$ cat data.csv   # CSV, C-alpha atoms
chain,number,residue,atom,x,y,z
W,1,MET,CA,9.3,-17.5,37.8
W,2,PRO,CA,10.4,-15.8,34.6
W,3,PHE,CA,8.8,-18.5,32.5
W,4,THR,CA,7.0,-21.8,33.2
W,5,TYR,CA,6.4,-25.0,31.4
W,6,SER,CA,4.1,-28.0,31.5
W,7,ARG,CA,4.1,-31.5,29.9
W,8,ARG,CA,0.6,-31.1,28.5
W,9,LYS,CA,0.1,-31.2,24.7
W,10,SER,CA,-1.1,-28.0,23.1
W,11,ARG,CA,-4.8,-27.7,22.5
W,12,ALA,CA,-4.3,-27.6,18.7
W,13,ALA,CA,-2.8,-31.1,18.9
W,14,LEU,CA,-5.9,-32.4,20.6
W,15,ASP,CA,-8.6,-30.6,18.5
W,16,LEU,CA,-10.0,-32.0,15.3
W,17,PRO,CA,-8.6,-30.2,12.3
W,18,ALA,CA,-10.8,-27.3,11.2
W,19,MET,CA,-12.1,-27.0,7.7
W,20,PRO,CA,-10.0,-24.5,5.8
W,21,ALA,CA,-11.8,-21.3,4.9
W,22,PRO,CA,-12.0,-20.4,1.2
W,23,ARG,CA,-9.0,-18.4,0.2
W,24,LEU,CA,-8.1,-16.4,-2.8
W,25,PRO,CA,-4.9,-17.4,-4.7
W,26,ALA,CA,-1.8,-15.8,-3.2
W,27,ALA,CA,-1.2,-13.7,-6.4
W,28,TRP,CA,-4.7,-12.2,-6.2
W,29,LEU,CA,-4.2,-11.4,-2.5
W,30,ARG,CA,-1.0,-9.6,-3.4
W,31,ILE,CA,-2.7,-7.6,-6.1
W,32,PHE,CA,-5.8,-6.6,-4.1
W,33,SER,CA,-4.2,-6.0,-0.7
W,34,ALA,CA,-3.6,-2.4,0.5
W,35,PRO,CA,-0.2,-1.1,-0.3
W,36,ASP,CA,2.6,-0.6,2.3
W,37,PRO,CA,2.2,2.8,3.9
W,38,LEU,CA,5.7,3.8,2.7
W,39,LEU,CA,4.6,2.9,-0.9
W,40,VAL,CA,1.6,5.1,-0.4
W,41,ASP,CA,4.1,7.9,0.3
W,42,ALA,CA,6.1,6.9,-2.8
W,43,GLY,CA,2.8,6.9,-4.7
W,44,ALA,CA,2.2,10.5,-3.7
W,45,ASP,CA,5.5,11.5,-5.2
W,46,GLY,CA,4.7,9.5,-8.3
W,47,GLU,CA,1.3,11.2,-8.5
W,48,LEU,CA,2.9,14.6,-8.3
W,49,LEU,CA,5.2,13.7,-11.3
W,50,VAL,CA,2.2,12.4,-13.3
W,51,ALA,CA,0.3,15.6,-12.4
W,52,LYS,CA,3.0,17.7,-13.8
W,53,ILE,CA,3.2,15.7,-17.0
W,54,ARG,CA,-0.6,15.7,-17.3
W,55,LEU,CA,-0.8,19.4,-16.8
W,56,GLY,CA,1.8,20.0,-19.5
W,57,LEU,CA,0.2,17.7,-22.0
W,58,VAL,CA,-3.4,19.0,-21.7
W,59,SER,CA,-2.1,22.6,-21.8
W,60,LEU,CA,-0.5,21.8,-25.2
W,61,LEU,CA,-3.7,20.1,-26.4
W,62,LEU,CA,-5.7,23.1,-25.3
W,63,LEU,CA,-3.7,25.2,-27.8
W,64,ILE,CA,-5.1,23.2,-30.8
W,65,PRO,CA,-8.8,24.2,-30.6
W,66,VAL,CA,-7.9,27.7,-29.5
W,67,PHE,CA,-5.7,28.1,-32.6
W,68,ASP,CA,-8.5,26.7,-34.8
W,69,LEU,CA,-11.1,29.1,-33.3
W,70,THR,CA,-8.8,32.1,-33.7
W,71,THR,CA,-8.1,31.3,-37.4
W,72,SER,CA,-10.7,29.9,-39.6
W,73,ALA,CA,-12.2,26.8,-38.2
W,74,ASN,CA,-15.1,28.3,-36.2
W,75,ASP,CA,-17.2,25.1,-36.5
W,76,GLY,CA,-18.8,22.8,-34.0
W,77,GLU,CA,-15.9,20.4,-33.9
W,78,SER,CA,-13.5,23.1,-32.6
W,79,TYR,CA,-16.0,24.1,-29.9
W,80,VAL,CA,-16.3,20.5,-28.8
W,81,GLY,CA,-12.6,20.1,-28.7
W,82,LEU,CA,-12.2,23.3,-26.8
W,83,GLY,CA,-14.8,22.2,-24.2
W,84,ILE,CA,-13.2,18.8,-23.6
W,85,THR,CA,-9.6,20.1,-23.4
W,86,LEU,CA,-10.7,22.9,-21.1
W,87,ALA,CA,-12.4,20.5,-18.8
W,88,ALA,CA,-9.3,18.3,-18.8
W,89,THR,CA,-7.1,21.3,-18.1
W,90,LEU,CA,-9.2,22.3,-15.1
W,91,MET,CA,-9.1,18.7,-13.8
W,92,ALA,CA,-5.3,18.6,-14.3
W,93,VAL,CA,-4.9,21.9,-12.4
W,94,ALA,CA,-7.1,20.8,-9.5
W,95,VAL,CA,-5.2,17.5,-9.1
W,96,TYR,CA,-1.9,19.2,-9.3
W,97,ILE,CA,-2.8,21.6,-6.5
W,98,LEU,CA,-4.2,18.8,-4.3
W,99,VAL,CA,-1.1,16.7,-4.6
W,100,LYS,CA,1.3,19.6,-4.3
W,101,ARG,CA,-0.3,20.5,-1.0
W,102,ASP,CA,0.4,16.9,0.3
W,103,PHE,CA,-3.2,15.9,0.1
W,104,TYR,CA,-2.8,12.5,-1.4
W,105,ARG,CA,-5.0,9.4,-0.7
W,106,PRO,CA,-5.0,6.1,-2.7
W,107,TRP,CA,-8.4,7.0,-4.1
W,108,ILE,CA,-6.8,10.0,-5.8
W,109,GLY,CA,-4.5,7.6,-7.7
W,110,PHE,CA,-7.6,5.6,-8.7
W,111,ALA,CA,-9.5,8.6,-9.8
W,112,THR,CA,-6.7,10.2,-11.8
W,113,SER,CA,-5.7,6.9,-13.5
W,114,LEU,CA,-9.3,6.4,-14.6
W,115,PHE,CA,-9.5,9.9,-15.8
W,116,ASP,CA,-6.3,9.5,-17.9
W,117,VAL,CA,-7.6,6.4,-19.5
W,118,THR,CA,-11.0,7.9,-20.2
W,119,PHE,CA,-9.5,11.0,-21.6
W,120,VAL,CA,-7.7,8.9,-24.2
W,121,SER,CA,-11.0,7.1,-25.0
W,122,GLY,CA,-12.8,10.4,-25.2
W,123,ALA,CA,-10.3,11.7,-27.8
W,124,LEU,CA,-10.9,8.5,-29.9
W,125,THR,CA,-14.7,8.9,-29.4
W,126,ILE,CA,-14.6,12.4,-30.8
W,127,PHE,CA,-13.4,11.0,-34.1
W,128,LEU,CA,-16.4,8.7,-34.2
W,129,VAL,CA,-18.7,11.7,-33.5
W,130,ILE,CA,-17.2,13.8,-36.4
W,131,GLY,CA,-17.4,10.8,-38.8
W,132,SER,CA,-13.8,9.7,-38.9
W,133,PRO,CA,-14.0,6.1,-37.7
W,134,HIS,CA,-10.7,5.0,-39.2
W,135,THR,CA,-8.9,7.6,-37.1
W,136,ALA,CA,-10.6,6.3,-34.0
W,137,VAL,CA,-9.7,2.6,-34.6
W,138,ASN,CA,-6.4,3.0,-36.4
W,139,SER,CA,-4.9,6.1,-34.8
W,140,LYS,CA,-1.2,5.9,-34.2
W,141,VAL,CA,-1.1,8.9,-31.9
W,142,ALA,CA,-4.1,8.9,-29.7
W,143,PHE,CA,-4.1,5.2,-29.1
W,144,GLU,CA,-0.6,5.3,-27.7
W,145,GLY,CA,-2.0,7.5,-25.0
W,146,TYR,CA,-3.3,4.4,-23.4
W,147,PHE,CA,0.2,3.1,-22.9
W,148,LEU,CA,1.2,6.4,-21.2
W,149,ALA,CA,-1.8,6.2,-18.9
W,150,ILE,CA,-1.2,2.5,-18.1
W,151,GLY,CA,2.6,3.0,-17.6
W,152,ALA,CA,1.9,5.9,-15.2
W,153,THR,CA,-0.2,3.7,-13.0
W,154,ALA,CA,3.0,1.9,-11.9
W,155,LEU,CA,4.1,5.2,-10.4
W,156,ARG,CA,1.3,5.0,-7.8
W,157,TYR,CA,2.9,1.7,-6.5
W,158,ASP,CA,-0.6,0.2,-6.1
W,159,PRO,CA,-1.3,-2.9,-8.2
W,160,ARG,CA,-5.0,-2.4,-7.8
W,161,ILE,CA,-4.8,0.8,-9.7
W,162,CYS,CA,-2.8,-0.9,-12.5
W,163,VAL,CA,-5.5,-3.6,-12.9
W,164,VAL,CA,-8.5,-1.4,-12.7
W,165,ALA,CA,-7.2,1.3,-15.0
W,166,GLY,CA,-6.0,-1.4,-17.5
W,167,LEU,CA,-9.3,-3.2,-17.5
W,168,LEU,CA,-11.1,0.1,-18.1
W,169,ALA,CA,-8.8,0.9,-21.0
W,170,LEU,CA,-9.5,-2.5,-22.6
W,171,SER,CA,-13.2,-2.2,-22.1
W,172,GLU,CA,-13.5,1.3,-23.4
W,173,TYR,CA,-11.4,0.7,-26.5
W,174,ALA,CA,-13.3,-2.5,-27.2
W,175,ALA,CA,-16.5,-0.6,-27.1
W,176,ILE,CA,-15.1,2.0,-29.5
W,177,VAL,CA,-14.0,-0.7,-32.0
W,178,LEU,CA,-17.3,-2.6,-31.7
W,179,TYR,CA,-19.3,0.6,-32.3
W,180,ALA,CA,-17.2,1.6,-35.3
W,181,GLY,CA,-17.2,-1.9,-36.8
W,182,LEU,CA,-20.9,-2.4,-36.5
W,183,HIS,CA,-22.0,1.2,-37.4
W,184,TRP,CA,-19.9,1.6,-40.6
W,185,ASN,CA,-18.6,-0.6,-43.4
W,186,LEU,CA,-15.1,0.5,-42.7
W,187,ASN,CA,-13.6,-1.1,-45.8
W,188,ASP,CA,-16.1,0.5,-48.2
W,189,PRO,CA,-14.3,2.2,-51.2
W,190,SER,CA,-16.0,5.5,-50.2
W,191,PHE,CA,-13.4,5.8,-47.4
W,192,ALA,CA,-10.5,5.6,-49.8
W,193,PRO,CA,-7.6,6.4,-49.9
W,194,PHE,CA,-7.7,5.0,-46.3
W,195,ALA,CA,-5.1,7.4,-44.9
W,196,TYR,CA,-5.1,5.5,-41.6
W,197,GLY,CA,-5.2,2.1,-43.1
W,198,MET,CA,-8.1,-0.4,-43.7
W,199,PHE,CA,-10.0,-1.9,-40.9
W,200,SER,CA,-9.1,-5.4,-39.6
W,201,TRP,CA,-10.6,-7.3,-36.7
W,202,SER,CA,-7.3,-9.2,-36.2
W,203,ALA,CA,-5.4,-6.0,-36.0
W,204,GLN,CA,-7.8,-4.6,-33.4
W,205,LEU,CA,-7.5,-7.9,-31.4
W,206,SER,CA,-3.7,-7.5,-31.6
W,207,ARG,CA,-4.0,-4.0,-30.2
W,208,MET,CA,-6.1,-5.1,-27.3
W,209,VAL,CA,-3.7,-8.0,-26.6
W,210,ILE,CA,-0.8,-5.5,-26.5
W,211,LEU,CA,-2.8,-3.3,-24.1
W,212,GLY,CA,-3.3,-6.3,-21.9
W,213,ILE,CA,0.4,-7.1,-21.9
W,214,ALA,CA,1.1,-3.5,-20.9
W,215,VAL,CA,-1.4,-3.9,-17.9
W,216,VAL,CA,0.4,-7.1,-16.9
W,217,LEU,CA,3.8,-5.5,-17.1
W,218,SER,CA,2.8,-2.4,-15.0
W,219,THR,CA,1.2,-4.7,-12.4
W,220,THR,CA,4.3,-7.0,-12.3
W,221,ILE,CA,6.6,-4.0,-11.9
W,222,VAL,CA,4.6,-2.8,-8.8
W,223,LEU,CA,4.4,-6.3,-7.3
W,224,ARG,CA,8.1,-6.8,-7.8
W,225,THR,CA,8.8,-3.4,-6.1
W,226,GLN,CA,6.6,-4.6,-3.2
W,227,ALA,CA,8.5,-7.9,-3.0
W,228,LEU,CA,11.9,-6.2,-3.0
W,229,ARG,CA,10.8,-3.8,-0.3
W,230,ARG,CA,9.5,-6.7,1.8
W,231,LEU,CA,12.8,-8.5,1.5
W,232,SER,CA,14.8,-5.4,2.3
W,233,ARG,CA,12.7,-4.4,5.4
W,234,SER,CA,11.9,-7.8,6.9
W,235,ASP,CA,13.6,-9.5,9.9
W,236,ARG,CA,14.4,-13.0,8.6
W,237,LEU,CA,13.7,-14.7,12.0
W,238,THR,CA,10.3,-13.2,12.9
W,239,GLY,CA,9.0,-11.9,9.6
W,240,LEU,CA,8.4,-8.5,11.2
W,241,PRO,CA,9.7,-5.3,9.7
W,242,ASN,CA,13.3,-4.5,10.8
W,243,ARG,CA,14.8,-1.4,12.3
W,244,ALA,CA,15.8,0.1,8.9
W,245,TYR,CA,12.1,0.0,7.9
W,246,PHE,CA,11.1,1.5,11.3
W,247,ASP,CA,13.5,4.4,10.7
W,248,GLU,CA,11.7,5.2,7.4
W,249,ARG,CA,8.1,4.5,8.5
W,250,VAL,CA,8.2,6.3,11.8
W,251,MET,CA,9.2,9.5,10.1
W,252,SER,CA,6.2,9.3,7.9
W,253,GLU,CA,3.9,8.7,10.8
W,254,ILE,CA,5.4,11.6,12.8
W,255,SER,CA,5.0,13.8,9.8
W,256,ARG,CA,1.4,12.8,9.4
W,257,ALA,CA,0.7,13.3,13.2
W,258,ARG,CA,2.3,16.8,12.9
W,259,ARG,CA,0.4,17.7,9.7
W,260,TYR,CA,-3.1,16.6,10.8
W,261,GLY,CA,-2.8,17.0,14.6
W,262,HIS,CA,-3.4,13.3,15.2
W,263,PRO,CA,-2.2,11.6,18.4
W,264,LEU,CA,0.5,9.0,18.2
W,265,ALA,CA,2.0,6.6,20.8
W,266,MET,CA,5.1,4.4,20.8
W,267,ALA,CA,6.0,1.4,22.9
W,268,MET,CA,9.3,-0.3,23.6
W,269,ILE,CA,8.8,-4.0,24.4
W,270,ASP,CA,11.3,-6.5,25.9
W,271,VAL,CA,10.9,-10.2,26.5
W,272,ASP,CA,11.5,-10.9,30.2
W,273,HIS,CA,14.4,-13.1,31.2
W,274,PHE,CA,15.1,-14.1,27.7
W,275,LYS,CA,18.8,-14.8,28.2
W,276,LEU,CA,17.9,-17.3,30.9
W,277,PHE,CA,15.3,-18.9,28.6
W,278,ASN,CA,18.0,-19.3,25.9
W,279,ASP,CA,20.6,-20.7,28.4
W,280,THR,CA,18.0,-23.2,29.7
W,281,TYR,CA,16.4,-24.5,26.5
W,282,GLY,CA,18.9,-23.6,23.8
W,283,HIS,CA,19.0,-21.0,21.0
W,284,ALA,CA,16.7,-23.0,18.7
W,285,ALA,CA,14.0,-22.9,21.3
W,286,GLY,CA,14.8,-19.2,21.8
W,287,ASP,CA,14.3,-18.5,18.1
W,288,GLU,CA,11.0,-20.3,18.1
W,289,ALA,CA,10.0,-18.3,21.2
W,290,LEU,CA,10.8,-15.0,19.5
W,291,ARG,CA,8.8,-16.0,16.4
W,292,ILE,CA,5.8,-16.8,18.6
W,293,VAL,CA,6.0,-13.6,20.6
W,294,ALA,CA,6.3,-11.6,17.4
W,295,SER,CA,3.3,-13.3,15.9
W,296,THR,CA,1.3,-12.8,19.1
W,297,ILE,CA,2.1,-9.1,19.2
W,298,GLN,CA,1.3,-8.7,15.5
W,299,LYS,CA,-2.1,-10.4,15.8
W,300,ALA,CA,-3.1,-8.1,18.7
W,301,VAL,CA,-2.6,-4.8,16.8
W,302,ARG,CA,-4.5,-3.0,14.1
W,303,ASP,CA,-3.5,-3.1,10.4
W,304,SER,CA,-2.5,0.6,10.7
W,305,ASP,CA,-0.2,0.0,13.6
W,306,LEU,CA,3.5,-0.8,13.2
W,307,VAL,CA,5.4,-3.5,15.0
W,308,VAL,CA,9.1,-4.1,14.3
W,309,ARG,CA,11.9,-6.2,15.7
W,310,TYR,CA,14.2,-3.5,17.1
W,311,GLY,CA,17.1,-5.8,18.0
W,312,GLY,CA,17.6,-9.0,20.0
W,313,GLU,CA,14.5,-9.6,22.1
W,314,GLU,CA,13.3,-6.0,21.8
W,315,PHE,CA,10.4,-4.9,19.8
W,316,VAL,CA,8.9,-1.4,19.1
W,317,ALA,CA,5.2,-0.7,18.4
W,318,VAL,CA,3.9,2.5,16.9
W,319,PHE,CA,0.2,3.3,17.3
W,320,PRO,CA,-1.0,6.1,14.9
W,321,GLY,CA,-4.1,7.9,16.1
W,322,MET,CA,-3.8,6.5,19.6
W,323,ASN,CA,-3.3,8.5,22.8
W,324,ALA,CA,-1.3,7.4,25.9
W,325,ASP,CA,-4.3,5.7,27.6
W,326,GLY,CA,-5.3,3.9,24.5
W,327,ALA,CA,-1.7,2.7,23.9
W,328,VAL,CA,-1.3,1.5,27.5
W,329,GLU,CA,-4.6,-0.4,27.2
W,330,ARG,CA,-3.5,-2.0,23.9
W,331,MET,CA,-0.1,-2.9,25.4
W,332,GLU,CA,-1.8,-4.5,28.4
W,333,ALA,CA,-3.9,-6.6,26.0
W,334,ILE,CA,-0.7,-7.6,24.2
W,335,ARG,CA,1.0,-8.4,27.5
W,336,ARG,CA,-1.8,-10.7,28.5
W,337,ALA,CA,-1.8,-12.4,25.1
W,338,VAL,CA,1.9,-13.1,25.3
W,339,SER,CA,1.7,-14.5,28.8
W,340,GLU,CA,-1.1,-16.8,27.8
W,341,THR,CA,0.5,-18.1,24.6
W,342,PRO,CA,2.4,-21.4,25.0
W,343,VAL,CA,5.9,-21.8,23.6
W,344,PRO,CA,6.7,-25.4,22.5
W,345,LEU,CA,10.1,-26.6,23.6
W,346,LEU,CA,11.8,-28.3,20.8
W,347,ARG,CA,12.5,-32.1,21.0
W,348,THR,CA,10.2,-32.4,24.0
W,349,GLN,CA,6.5,-32.3,24.6
W,350,GLN,CA,6.8,-29.5,27.2
W,351,LEU,CA,5.3,-26.0,26.8
W,352,ALA,CA,6.7,-22.9,28.3
W,353,THR,CA,5.3,-19.4,28.7
W,354,LEU,CA,7.1,-16.1,28.5
W,355,THR,CA,6.2,-12.6,29.6
W,356,ILE,CA,7.0,-9.1,28.3
W,357,SER,CA,7.5,-5.7,29.8
W,358,ALA,CA,6.8,-2.4,28.0
W,359,GLY,CA,7.2,1.3,28.3
W,360,VAL,CA,4.9,3.8,26.4
W,361,SER,CA,5.6,7.3,25.2
W,362,THR,CA,3.3,9.8,23.4
W,363,TYR,CA,4.0,12.2,20.6
W,364,GLY,CA,3.3,15.8,21.7
W,365,VAL,CA,3.4,15.0,25.4
W,366,ASP,CA,6.8,13.4,25.9
W,367,SER,CA,8.4,14.9,22.8
W,368,LEU,CA,8.0,15.8,19.1
W,369,GLU,CA,11.2,14.0,18.1
W,370,VAL,CA,11.6,10.3,17.3
W,371,ASP,CA,14.8,9.8,19.3
W,372,GLU,CA,13.3,11.4,22.4
W,373,LEU,CA,10.1,9.4,22.1
W,374,LEU,CA,12.2,6.2,21.9
W,375,ASP,CA,14.3,7.3,24.9
W,376,ALA,CA,11.1,8.1,26.9
W,377,ALA,CA,9.6,4.7,26.1
W,378,ASP,CA,12.9,2.9,26.9
W,379,ASN,CA,13.1,4.7,30.3
W,380,ARG,CA,9.6,3.5,31.1
W,381,LEU,CA,10.5,0.0,30.0
W,382,PHE,CA,13.4,0.2,32.5
W,383,GLU,CA,10.9,1.2,35.2
W,384,ALA,CA,8.7,-1.8,34.3
W,385,LYS,CA,11.6,-4.1,34.7
W,386,GLU,CA,12.7,-2.5,38.0
W,387,ALA,CA,9.1,-2.9,39.3
W,388,GLY,CA,9.2,-6.6,38.8
W,389,ARG,CA,8.7,-7.2,35.0
W,390,ASN,CA,5.5,-8.5,33.2
W,391,ARG,CA,3.9,-5.0,33.2
W,392,VAL,CA,3.4,-1.9,31.2
W,393,VAL,CA,4.4,1.6,32.3
W,394,GLY,CA,2.6,4.5,30.6
W,395,GLY,CA,3.3,8.2,30.4
W,396,THR,CA,1.5,9.1,33.6
W,397,GLY,CA,3.7,6.7,35.6
W,398,ALA,CA,0.8,4.3,36.1
W,399,VAL,CA,1.8,0.7,36.0
W,400,SER,CA,-0.3,-2.1,34.6
W,401,GLU,CA,0.8,-5.5,35.8
W,402,ARG,CA,-0.1,-9.2,35.8
W,403,ARG,CA,-3.4,-10.1,37.5
$ encode --input "data.csv" --output "structure tokens"
Amino acid sequence: MPFTYSRRKSRAALDLPAMPAPRLPAAWLRIFSAPDPLLVDAGADGELLVAKIRLGLVSLLLLIPVFDLTTSANDGESYVGLGITLAATLMAVAVYILVKRDFYRPWIGFATSLFDVTFVSGALTIFLVIGSPHTAVNSKVAFEGYFLAIGATALRYDPRICVVAGLLALSEYAAIVLYAGLHWNLNDPSFAPFAYGMFSWSAQLSRMVILGIAVVLSTTIVLRTQALRRLSRSDRLTGLPNRAYFDERVMSEISRARRYGHPLAMAMIDVDHFKLFNDTYGHAAGDEALRIVASTIQKAVRDSDLVVRYGGEEFVAVFPGMNADGAVERMEAIRRAVSETPVPLLRTQQLATLTISAGVSTYGVDSLEVDELLDAADNRLFEAKEAGRNRVVGGTGAVSERR
């Protein structure tokens, strides 16, 4: 039988309701969840752009203490400035080289964003050290560096970076203001003519509020980008990524496998006798069945794996870092999970079950090209159907079937 049904009620209908586990608000979950892998790739491009800008800016800043030391200002302040800008330049060069060589990880985005913020704070702190507190708290040039650093966090497409870097900027600037306000009487006449303006706590509070708004804006931009990408790449029926997203993501995974020599497997999956199921129970029941099958497959894979609805009742799974044997074993677990998951038939109390068949191909064994990998997996899916369905055919020709 391609599918079966019973009149029993589902176990969930008989069990007592479970106590819900504590959950973070949805907004916080969106902020602190790992970014989409494609957004990580976009973040690498953004990091490269920021690295170029950073390298140019610190190179220009390096000219200032060098000029002072080659003219007349051979004092301690010039040496301090030279040391700081030289260290910043070396850091900027190192980051640029790493990102240019395609070595990007999300932690690099965190590290460089925190560096950018702290570099601005360091510049303001220098003014405290040399006894120019008004420049530190009322600067109209160095302070704006915070906005550049916070705005650049949006180019990493990771809201966590926006929040962490923004909170660091707020806390560091607050510490600078508190130190200056408590260490000096900043409105003492001895500081006249107050070239940078007199000190005001309300003005400093306004500055920090504006910094906070910049953090919120950069985070919102990233979250909005993520939401738009989810809408554009999602299949409306199952909630899985669609074929357009697959075409983008699989190229990134193939590129990664090629670059680092990692294994990668791919599976083509088809729901057995789905047309007969639709004809028997109707398209509404068929849609619900596809949603349940999609959810069951998604729950059985790792976060790093990719499952997409490829079209109709076909799905494709991509397993980065997994060889042929591992992929066949994973697909066998998925096959069993689907066959054991009841599908409620609408307007009745009956439950049906469906089965799937799958074919597995492996990068570097079957092919190095996406189209050929898909063809190999599709051919093995055909073998699984010809052999009786409800089974997985791997690259060695071995067949895993229902037991």
$ residues_near_point --input "data.csv" --point "(0.2, -5.0, -8.6)" --cutoff "7 Å" --atoms "only C-alpha atoms" --output "JSON, numbers by chain"
{"W": [31, 158, 159, 160, 162, 219, 220, 222, 223]}
$ residues_around --input "data.csv" --residues "Gln298 (chain W)" --least-positions-apart "6" --cutoff "10 Å" --atoms "all atoms listed in the file" --output "list in words"
Leu240, Ile292, Asp305, Leu306, Val307, Val308, Ala317 and Ile334 of chain W
$ residues_around --input "data.csv" --residues "region 261-269 of chain W" --least-positions-apart "2" --cutoff "7 Å" --atoms "only C-alpha atoms" --output "list in words"
Ala257, Arg258, Arg259, Val271, Glu314, Phe315, Val316, Ala317, Val318, Phe319, Pro320, Gly321, Met322, Asn323, Ala324, Ala327, Ile356, Ser357, Ala358, Gly359, Val360, Ser361, Thr362, Tyr363, Ala377, Asp378 and Leu381 of chain W
$ axis_aligned_box --input "data.csv" --around "region 350-357 of chain W" --padding-each-side "8 Å" --output "JSON"
{"center_x": 6.4, "center_y": -17.6, "center_z": 28.3, "size_x": 18.2, "size_y": 39.8, "size_z": 19.0}
$ residues_around --input "data.csv" --residues "Arg243 (chain W)" --least-positions-apart "2" --cutoff "6 Å" --atoms "all atoms listed in the file" --output "PyMOL selection string"
chain W and resi 245-246+310
$ residues_around --input "data.csv" --residues "region 201-206 of chain W" --least-positions-apart "4" --cutoff "12 Å" --atoms "only C-alpha atoms" --output "VMD selection string"
chain W and resid 134 136 to 139 143 170 173 to 178 180 to 182 186 to 187 197 210 to 213
$ closest_residue --input "data.csv" --among "W:Ala333, W:Ala352, W:Ala244, W:Leu62" --to "Val301 (chain W)" --atoms "all atoms listed in the file"
W:Ala333
$ atom_distance --input "data.csv" --atom1 "CA of Pro342 (chain W)" --atom2 "CA of Gly388 (chain W)"
21.3 Å
$ residues_around --input "data.csv" --residues "Phe274 (chain W)" --least-positions-apart "6" --cutoff "10 Å" --atoms "all atoms listed in the file" --output "ChimeraX atom specification"
/W:2-3,280,286,289-290,312-313,354-356
$ write_last_selection --input "data.csv" --atoms "C-alpha atoms" --output "PDB file, keeping the file's coordinate frame"
ATOM      1  CA  PRO W   2      10.400 -15.800  34.600  1.00  0.00           C
ATOM      2  CA  PHE W   3       8.800 -18.500  32.500  1.00  0.00           C
ATOM      3  CA  THR W 280      18.000 -23.200  29.700  1.00  0.00           C
ATOM      4  CA  GLY W 286      14.800 -19.200  21.800  1.00  0.00           C
ATOM      5  CA  ALA W 289      10.000 -18.300  21.200  1.00  0.00           C
ATOM      6  CA  LEU W 290      10.800 -15.000  19.500  1.00  0.00           C
ATOM      7  CA  GLY W 312      17.600  -9.000  20.000  1.00  0.00           C
ATOM      8  CA  GLU W 313      14.500  -9.600  22.100  1.00  0.00           C
ATOM      9  CA  LEU W 354       7.100 -16.100  28.500  1.00  0.00           C
ATOM     10  CA  THR W 355       6.200 -12.600  29.600  1.00  0.00           C
ATOM     11  CA  ILE W 356       7.000  -9.100  28.300  1.00  0.00           C
TER      12      ILE W 356
END
$ atom_distance --input "data.csv" --atom1 "CA of Asp375 (chain W)" --atom2 "CA of Leu276 (chain W)"
25.6 Å
$ atom_distance --input "data.csv" --atom1 "CA of Leu114 (chain W)" --atom2 "CA of Ser132 (chain W)"
24.9 Å
$ closest_residue --input "data.csv" --among "W:Leu63, W:Ala192, W:Ala152, W:Leu86" --to "Ala51 (chain W)" --atoms "all atoms listed in the file"
W:Ala152
